[in-house]
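**Student:** For reference, the file structure14.txt (compact mmCIF, C-alpha atoms and all ligand atoms) is included below:
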# COMPACT_ATOMS: atom_id res chain seq x y z
CA MET A 1 -28.47 -32.04 11.10
CA ALA A 2 -31.47 -33.66 9.44
CA SER A 3 -30.68 -35.06 6.07
CA LYS A 4 -32.56 -33.95 2.93
CA LYS A 5 -34.00 -37.44 2.74
CA ASN A 6 -35.68 -37.02 6.14
CA ASN A 7 -36.82 -33.44 5.60
CA PRO A 8 -39.20 -33.14 2.66
CA LYS A 9 -39.11 -29.35 2.88
CA GLU A 10 -35.49 -29.29 1.84
CA VAL A 11 -36.19 -30.05 -1.78
CA THR A 12 -34.01 -27.95 -4.03
CA GLU A 13 -35.19 -26.30 -7.23
CA ASN A 14 -33.08 -28.77 -9.20
CA ASP A 15 -34.82 -31.68 -7.50
CA SER A 16 -38.23 -30.35 -8.33
CA ASN A 17 -37.20 -29.56 -11.90
CA SER A 18 -35.91 -33.06 -12.46
CA ARG A 19 -39.07 -34.51 -10.86
CA ARG A 20 -41.23 -32.39 -13.11
CA ASP A 21 -39.10 -33.51 -16.05
CA PHE A 22 -39.45 -37.13 -15.02
CA ILE A 23 -43.22 -36.83 -14.57
CA LYS A 24 -43.51 -35.14 -17.95
CA LYS A 25 -41.51 -37.91 -19.62
CA SER A 26 -43.32 -40.75 -17.82
CA GLY A 27 -46.66 -39.12 -18.65
CA LEU A 28 -45.70 -39.17 -22.29
CA PHE A 29 -44.79 -42.85 -22.12
CA THR A 30 -47.96 -43.73 -20.19
CA ALA A 31 -50.11 -41.93 -22.72
CA LEU A 32 -48.45 -43.82 -25.53
CA ALA A 33 -48.44 -47.16 -23.71
CA PHE A 34 -52.16 -47.24 -22.89
CA THR A 35 -53.56 -45.90 -26.11
CA PRO A 36 -53.10 -48.41 -28.91
CA PRO A 37 -54.05 -45.97 -31.71
CA SER A 38 -51.45 -43.57 -30.32
CA LEU A 39 -48.92 -46.35 -30.50
CA VAL A 40 -49.69 -47.02 -34.12
CA MET A 41 -49.46 -43.31 -34.92
CA ALA A 42 -46.25 -43.00 -32.88
CA SER A 43 -44.65 -45.74 -34.85
CA GLU A 44 -45.91 -44.38 -38.18
CA ASN A 45 -44.54 -40.94 -37.41
CA LYS A 46 -41.36 -42.37 -35.89
CA TRP A 47 -42.21 -40.69 -32.59
CA ASP A 48 -40.79 -43.68 -30.75
CA GLU A 49 -37.41 -42.98 -32.33
CA LYS A 50 -37.73 -39.26 -31.65
CA ILE A 51 -38.60 -39.86 -28.00
CA ALA A 52 -35.71 -42.30 -27.57
CA GLU A 53 -33.43 -39.74 -29.21
CA TYR A 54 -34.68 -36.98 -26.88
CA LEU A 55 -34.19 -39.09 -23.79
CA GLU A 56 -30.90 -40.70 -24.61
CA THR A 57 -28.58 -38.37 -26.46
CA VAL A 58 -25.04 -37.48 -25.54
CA PRO A 59 -23.09 -34.44 -26.74
CA LEU A 60 -20.31 -35.01 -29.26
CA SER A 61 -17.72 -32.58 -30.59
CA ILE A 62 -16.05 -33.93 -33.67
CA GLU A 63 -14.13 -32.55 -36.65
CA VAL A 64 -14.91 -34.16 -39.98
CA ASN A 65 -12.92 -33.20 -43.07
CA GLY A 66 -11.76 -30.03 -41.34
CA LYS A 67 -15.25 -28.96 -40.27
CA LYS A 68 -16.16 -28.86 -36.59
CA HIS A 69 -19.52 -30.33 -35.51
CA ASN A 70 -21.22 -30.07 -32.13
CA LEU A 71 -23.87 -32.74 -32.11
CA ASN A 72 -26.22 -34.68 -29.88
CA ILE A 73 -26.17 -38.35 -30.71
CA GLU A 74 -27.55 -41.59 -29.37
CA PRO A 75 -24.81 -43.43 -27.49
CA ARG A 76 -25.25 -46.51 -29.70
CA THR A 77 -24.62 -44.60 -32.96
CA THR A 78 -21.67 -45.92 -34.92
CA LEU A 79 -19.25 -43.53 -36.56
CA LEU A 80 -20.39 -44.94 -39.92
CA ASP A 81 -24.04 -44.09 -39.26
CA LEU A 82 -23.10 -40.69 -37.92
CA LEU A 83 -21.20 -39.91 -41.12
CA ARG A 84 -23.76 -41.29 -43.51
CA GLU A 85 -27.03 -40.47 -41.81
CA GLN A 86 -26.44 -37.40 -39.68
CA LEU A 87 -23.74 -35.65 -41.69
CA GLN A 88 -24.89 -36.91 -45.10
CA LEU A 89 -21.35 -37.99 -46.03
CA THR A 90 -22.39 -41.04 -47.99
CA GLY A 91 -19.04 -41.59 -49.70
CA THR A 92 -18.10 -43.98 -46.89
CA LYS A 93 -19.91 -47.20 -47.70
CA LYS A 94 -21.73 -49.70 -45.52
CA GLY A 95 -20.90 -53.17 -46.81
CA CYS A 96 -21.16 -55.84 -44.14
CA ASP A 97 -21.64 -53.57 -41.08
CA HIS A 98 -19.67 -56.25 -39.18
CA GLY A 99 -16.02 -55.34 -39.64
CA GLN A 100 -15.42 -57.82 -42.42
CA CYS A 101 -15.29 -55.95 -45.72
CA GLY A 102 -13.41 -52.67 -45.18
CA ALA A 103 -15.93 -50.60 -47.18
CA CYS A 104 -16.40 -48.27 -44.21
CA THR A 105 -12.70 -47.43 -43.69
CA VAL A 106 -12.01 -43.83 -42.65
CA HIS A 107 -9.10 -42.12 -40.91
CA VAL A 108 -9.42 -41.02 -37.29
CA ASN A 109 -6.55 -38.86 -36.07
CA GLY A 110 -4.54 -40.13 -39.03
CA THR A 111 -5.13 -43.84 -38.41
CA ARG A 112 -7.40 -46.05 -40.52
CA ILE A 113 -10.34 -47.57 -38.70
CA LEU A 114 -13.49 -49.47 -39.53
CA SER A 115 -16.20 -46.94 -38.83
CA CYS A 116 -18.90 -49.62 -38.58
CA LEU A 117 -17.17 -51.02 -35.49
CA THR A 118 -16.50 -47.63 -33.90
CA LEU A 119 -18.90 -45.90 -31.53
CA ALA A 120 -19.19 -42.23 -32.47
CA SER A 121 -19.56 -41.28 -28.80
CA MET A 122 -16.02 -42.54 -28.18
CA GLN A 123 -14.59 -40.09 -30.73
CA GLN A 124 -14.82 -36.92 -28.65
CA ASN A 125 -12.72 -34.16 -30.29
CA ALA A 126 -11.39 -36.61 -32.88
CA GLU A 127 -10.35 -35.54 -36.37
CA VAL A 128 -11.98 -37.70 -38.99
CA THR A 129 -11.15 -37.81 -42.68
CA THR A 130 -13.49 -39.48 -45.14
CA ILE A 131 -13.21 -39.92 -48.89
CA GLU A 132 -14.98 -36.55 -49.29
CA GLY A 133 -12.14 -34.85 -47.43
CA LEU A 134 -9.28 -36.03 -49.69
CA SER A 135 -9.50 -33.73 -52.67
CA LYS A 136 -8.45 -30.10 -52.55
CA GLY A 137 -11.27 -28.39 -54.37
CA LYS A 138 -11.32 -29.95 -57.83
CA LYS A 139 -7.81 -31.37 -57.45
CA LEU A 140 -8.03 -35.06 -56.64
CA HIS A 141 -5.80 -36.75 -54.09
CA PRO A 142 -2.88 -38.65 -55.72
CA MET A 143 -4.45 -41.96 -54.62
CA GLN A 144 -7.75 -41.05 -56.28
CA GLU A 145 -5.88 -40.11 -59.47
CA ALA A 146 -3.95 -43.39 -59.40
CA PHE A 147 -7.12 -45.46 -58.94
CA ILE A 148 -8.61 -43.78 -62.03
CA LYS A 149 -5.40 -44.20 -64.05
CA HIS A 150 -5.04 -47.90 -63.17
CA ASP A 151 -8.73 -48.85 -63.34
CA GLY A 152 -8.68 -49.68 -59.64
CA PHE A 153 -12.44 -50.01 -59.51
CA GLN A 154 -15.32 -51.49 -61.42
CA CYS A 155 -18.62 -51.00 -59.60
CA GLY A 156 -16.85 -48.60 -57.23
CA TYR A 157 -18.61 -49.75 -54.07
CA CYS A 158 -15.46 -50.80 -52.24
CA THR A 159 -13.40 -47.94 -53.68
CA PRO A 160 -13.69 -45.27 -50.95
CA GLY A 161 -12.58 -47.82 -48.36
CA GLN A 162 -9.81 -49.11 -50.63
CA ILE A 163 -8.50 -45.58 -51.20
CA MET A 164 -8.55 -44.68 -47.49
CA SER A 165 -6.80 -47.96 -46.70
CA GLY A 166 -4.29 -47.55 -49.53
CA ILE A 167 -3.20 -44.15 -48.21
CA ALA A 168 -2.88 -45.55 -44.69
CA CYS A 169 -0.98 -48.57 -46.00
CA ILE A 170 1.72 -46.28 -47.43
CA LYS A 171 1.78 -43.99 -44.39
CA GLU A 172 2.18 -47.00 -42.09
CA GLY A 173 5.23 -48.10 -44.12
CA HIS A 174 3.50 -51.24 -45.36
CA ALA A 175 3.75 -50.71 -49.10
CA ASN A 176 7.28 -51.93 -49.81
CA SER A 177 6.33 -54.72 -52.18
CA ARG A 178 3.24 -56.00 -53.98
CA GLU A 179 3.03 -58.87 -51.50
CA GLU A 180 3.18 -56.50 -48.55
CA ILE A 181 0.52 -54.25 -50.08
CA ARG A 182 -1.73 -57.26 -50.66
CA GLU A 183 -1.25 -58.36 -47.07
CA TYR A 184 -1.97 -54.96 -45.53
CA MET A 185 -4.93 -54.35 -47.86
CA SER A 186 -6.40 -57.78 -47.17
CA GLY A 187 -9.09 -56.31 -44.89
CA ASN A 188 -10.60 -54.53 -47.90
CA ILE A 189 -12.72 -56.87 -49.96
CA CYS A 190 -13.51 -56.15 -53.60
CA ARG A 191 -16.37 -58.22 -55.01
CA CYS A 192 -15.39 -57.14 -58.52
CA GLY A 193 -11.89 -58.52 -58.07
CA ALA A 194 -10.03 -55.33 -58.98
CA TYR A 195 -7.18 -56.33 -56.67
CA HIS A 196 -4.41 -56.35 -59.25
CA ASN A 197 -5.21 -52.81 -60.38
CA ILE A 198 -5.61 -51.59 -56.82
CA VAL A 199 -2.09 -52.83 -56.04
CA ASP A 200 -0.83 -51.10 -59.22
CA ALA A 201 -2.36 -47.83 -58.04
CA ILE A 202 -0.93 -48.05 -54.54
CA THR A 203 2.48 -49.04 -55.88
CA GLU A 204 2.55 -46.05 -58.18
CA VAL A 205 1.61 -43.63 -55.40
CA LYS A 206 4.23 -45.15 -53.09
CA GLU A 207 6.93 -44.92 -55.76
CA GLY A 208 5.87 -41.38 -56.68
CA GLY A 209 6.82 -40.31 -53.16
CA LYS A 210 4.20 -37.54 -53.11
CA GLU A 211 3.05 -36.15 -49.78
CA LEU A 212 -0.18 -37.91 -48.77
S1 LIG A 301 -19.05 -52.11 -43.38
FE1 LIG A 301 -17.47 -51.91 -41.96
S2 LIG A 301 -16.16 -53.56 -42.41
FE2 LIG A 301 -17.87 -53.90 -43.69
S1 LIG A 302 -14.96 -52.34 -57.48
FE1 LIG A 302 -16.82 -53.39 -57.11
S2 LIG A 302 -16.57 -54.16 -55.15
FE2 LIG A 302 -14.65 -53.36 -55.61
Using structure tokens, write down the structure that the file contains.
**Tutor:**
Amino acid sequence: MASKKNNPKEVTENDSNSRRDFIKKSGLFTALAFTPPSLVMASENKWDEKIAEYLETVPLSIEVNGKKHNLNIEPRTTLLDLLREQLQLTGTKKGCDHGQCGACTVHVNGTRILSCLTLASMQQNAEVTTIEGLSKGKKLHPMQEAFIKHDGFQCGYCTPGQIMSGIACIKEGHANSREEIREYMSGNICRCGAYHNIVDAITEVKEGGKEL
């Protein structure tokens, strides 16, 4: 039997659709590539980003703070950028964007992670909790209350990450002494130097034995 390759008549509808699609997309690129004013306008209107987005998105199903999202994202999007820029959850902070400061710490399926080092596309069906997801209505989470009580923050920039890490530190069983807390919180940098008070807050929550 002749193969499809050798028989041009045997082109399926899918084939011709994807060819048409391809021609449409390449036509768009050609038009932009050979018309300098179009290029300038494209960049001014962020068309280049929109085109890249259209061509290169992947579907993602993710639950954030109990809310399900079905999204299309660029494969290179980090979880941090997804949270902050697509879902407008700006409580999670971008400090270094290189895994060195802990400001971007969130929980994924109950485990703390650095969202700046995590590709969102790898979190299919994951359950994410951010600082916005801790309180129950107006009732703050015990760790948030303890940070306020013990002055665990000054400028507050590192605080969401510190709080997410502090909760995980207790849940992981790594809050049995001040030294241990310091060690297991060492990935969270505080430029204001609120470390002593942060340890006070975590110690109080650990000793309080409340459900986290
Ligand atoms: S922003 Fe992720 S560790 Fe600094
Ligand atoms: S409170 Fe300012 S960086 Fe920690």
**Student:** Distance atom CA of A:Ile198-atom CA of A:Gly152, one decimal place?
**Tutor:**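 Distance between the two atoms: 4.6 Å.
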**Student:** Quick one: everything within 9 Å of A:Cys158, counting all atoms listed in the file, minus sequence neighbours fewer than 2 positions away in the same chain. Send it as a list of chain:residue names.
**Tutor:**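 Listed by chain and then number, they are A:Lys93, A:Gly95, A:Cys101, A:Gly102, A:Ala103, A:Cys104, A:Phe153, A:Cys155, A:Gly156, A:Pro160, A:Gly161, A:Gln162, A:Ile163, A:Asn188, A:Ile189, A:Cys190, A:Arg191, A:Cys192.
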**Student:** Which polymer residues have any atom within 10 Å of an atom of A:Leu119, counting all atoms listed in the file, with same-chain residues fewer than 5 positions away left out, as a list in words?
**Tutor:** Glu74, Pro75, Arg76, Thr77, Thr78, Leu79, Leu80, Asp81 and Leu82 of chain A
**Student:** Filtering to C-alpha atoms, could you give me those residues as an mmCIF file, keeping the file's coordinate frame?
**Tutor:**
data_model
loop_
_atom_site.group_PDB
_atom_site.id
_atom_site.type_symbol
_atom_site.label_atom_id
_atom_site.label_comp_id
_atom_site.auth_asym_id
_atom_site.auth_seq_id
_atom_site.Cartn_x
_atom_site.Cartn_y
_atom_site.Cartn_z
ATOM 1 C CA GLU A 74 -27.550 -41.590 -29.370
ATOM 2 C CA PRO A 75 -24.810 -43.430 -27.490
ATOM 3 C CA ARG A 76 -25.250 -46.510 -29.700
ATOM 4 C CA THR A 77 -24.620 -44.600 -32.960
ATOM 5 C CA THR A 78 -21.670 -45.920 -34.920
ATOM 6 C CA LEU A 79 -19.250 -43.530 -36.560
ATOM 7 C CA LEU A 80 -20.390 -44.940 -39.920
ATOM 8 C CA ASP A 81 -24.040 -44.090 -39.260
ATOM 9 C CA LEU A 82 -23.100 -40.690 -37.920
#
**Student:** Provide the atom CA of A:Glu172 to atom CA of A:Gln88 distance in Å, to one decimal place.
**Tutor:**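 Computed distance, atom CA of A:Glu172 to atom CA of A:Gln88, equals 29.0 Å.
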**Student:** Which of these, A:Thr105, A:Ser121, A:Asn176, A:Thr159, has the shortest distance to ligand LIG 301 (chain A) once you count only C-alpha atoms and all ligand atoms?
**Tutor:** A:Thr105
**Student:** Please determine, counting only C-alpha atoms, which residue among A:Ile113, A:Met164, A:Val199, A:Ala194 has the shortest atom-to-atom distance to A:Arg178.
**Tutor:** A:Val199
**Student:** Counting only C-alpha atoms, figure out which residue out of A:Gly187, A:Leu114, A:Cys169, A:His150 gets nearest to A:Asp97.
**Tutor:**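 Checking each of A:Gly187, A:Leu114, A:Cys169, A:His150 against A:Asp97, counting only C-alpha atoms, the winner is A:Leu114.
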**Student:** When you draw a straight line from atom CA of A:Thr130 to atom CA of A:Val106, how long is it in Å?
**Tutor:**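 Answer for the atom CA of A:Thr130 to atom CA of A:Val106 separation: 5.2 Å.
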**Student:** Report the centre and edge lengths, in Å to one decimal, of an axis-aligned box enclosing every atom of ligand LIG 301 (chain A) listed in the file, padded by 6 Å on each side, as lines of an AutoDock Vina configuration file.
**Tutor:**
center_x = -17.6
center_y = -52.9
center_z = -42.8
size_x = 14.9
size_y = 14.0
size_z = 13.7
**Student:** Nearest to ligand LIG 302 (chain A) among A:Asn65, A:Gln86, A:Asn197, A:Gln123, with distances taken over all atoms listed in the file: which residue is it?
**Tutor:**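 Going through A:Asn65, A:Gln86, A:Asn197, A:Gln123 one by one, the smallest distance to ligand LIG 302 (chain A) is for A:Asn197.
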**Student:** If you count all atoms listed in the file, which residues fall within 10 Å of A:Leu60, apart from same-chain ones fewer than 2 positions away, as an MDAnalysis selection string?
**Tutor:** chainID A and resid 57:58 62:63 69:75 120:126
**Student:** Write to file, as a PDB file, in the coordinates of the input, the residues of the selection just made, with C-alpha atoms.
**Tutor:**
ATOM      1  CA  THR A  57     -28.580 -38.370 -26.460  1.00  0.00           C
ATOM      2  CA  VAL A  58     -25.040 -37.480 -25.540  1.00  0.00           C
ATOM      3  CA  ILE A  62     -16.050 -33.930 -33.670  1.00  0.00           C
ATOM      4  CA  GLU A  63     -14.130 -32.550 -36.650  1.00  0.00           C
ATOM      5  CA  HIS A  69     -19.520 -30.330 -35.510  1.00  0.00           C
ATOM      6  CA  ASN A  70     -21.220 -30.070 -32.130  1.00  0.00           C
ATOM      7  CA  LEU A  71     -23.870 -32.740 -32.110  1.00  0.00           C
ATOM      8  CA  ASN A  72     -26.220 -34.680 -29.880  1.00  0.00           C
ATOM      9  CA  ILE A  73     -26.170 -38.350 -30.710  1.00  0.00           C
ATOM     10  CA  GLU A  74     -27.550 -41.590 -29.370  1.00  0.00           C
ATOM     11  CA  PRO A  75     -24.810 -43.430 -27.490  1.00  0.00           C
ATOM     12  CA  ALA A 120     -19.190 -42.230 -32.470  1.00  0.00           C
ATOM     13  CA  SER A 121     -19.560 -41.280 -28.800  1.00  0.00           C
ATOM     14  CA  MET A 122     -16.020 -42.540 -28.180  1.00  0.00           C
ATOM     15  CA  GLN A 123     -14.590 -40.090 -30.730  1.00  0.00           C
ATOM     16  CA  GLN A 124     -14.820 -36.920 -28.650  1.00  0.00           C
ATOM     17  CA  ASN A 125     -12.720 -34.160 -30.290  1.00  0.00           C
ATOM     18  CA  ALA A 126     -11.390 -36.610 -32.880  1.00  0.00           C
TER      19      ALA A 126
END
**Student:** Need the shell around A:His141: protein/DNA/RNA residues with any atom at most 12 Å away, counting only C-alpha atoms. Skip same-chain ones fewer than 5 positions apart. Format as a ChimeraX atom specification?
**Tutor:** /A:131-136,146-148,163-164,166-167,205,210-212
**Student:** Nearest to ligand LIG 301 (chain A): which of A:Gln100, A:Ser165, A:Gln144, A:Thr129 is it, counting all atoms listed in the file?
**Tutor:**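 Smallest separation from ligand LIG 301 (chain A) among the options: A:Gln100.
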**Student:** Closest to A:Asn109 among A:Glu85, A:Glu56, A:Asp151, A:Glu127, using all atoms listed in the file?
**Tutor:**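 Of A:Glu85, A:Glu56, A:Asp151, A:Glu127, the one nearest A:Asn109 is A:Glu127, counting all atoms listed in the file.
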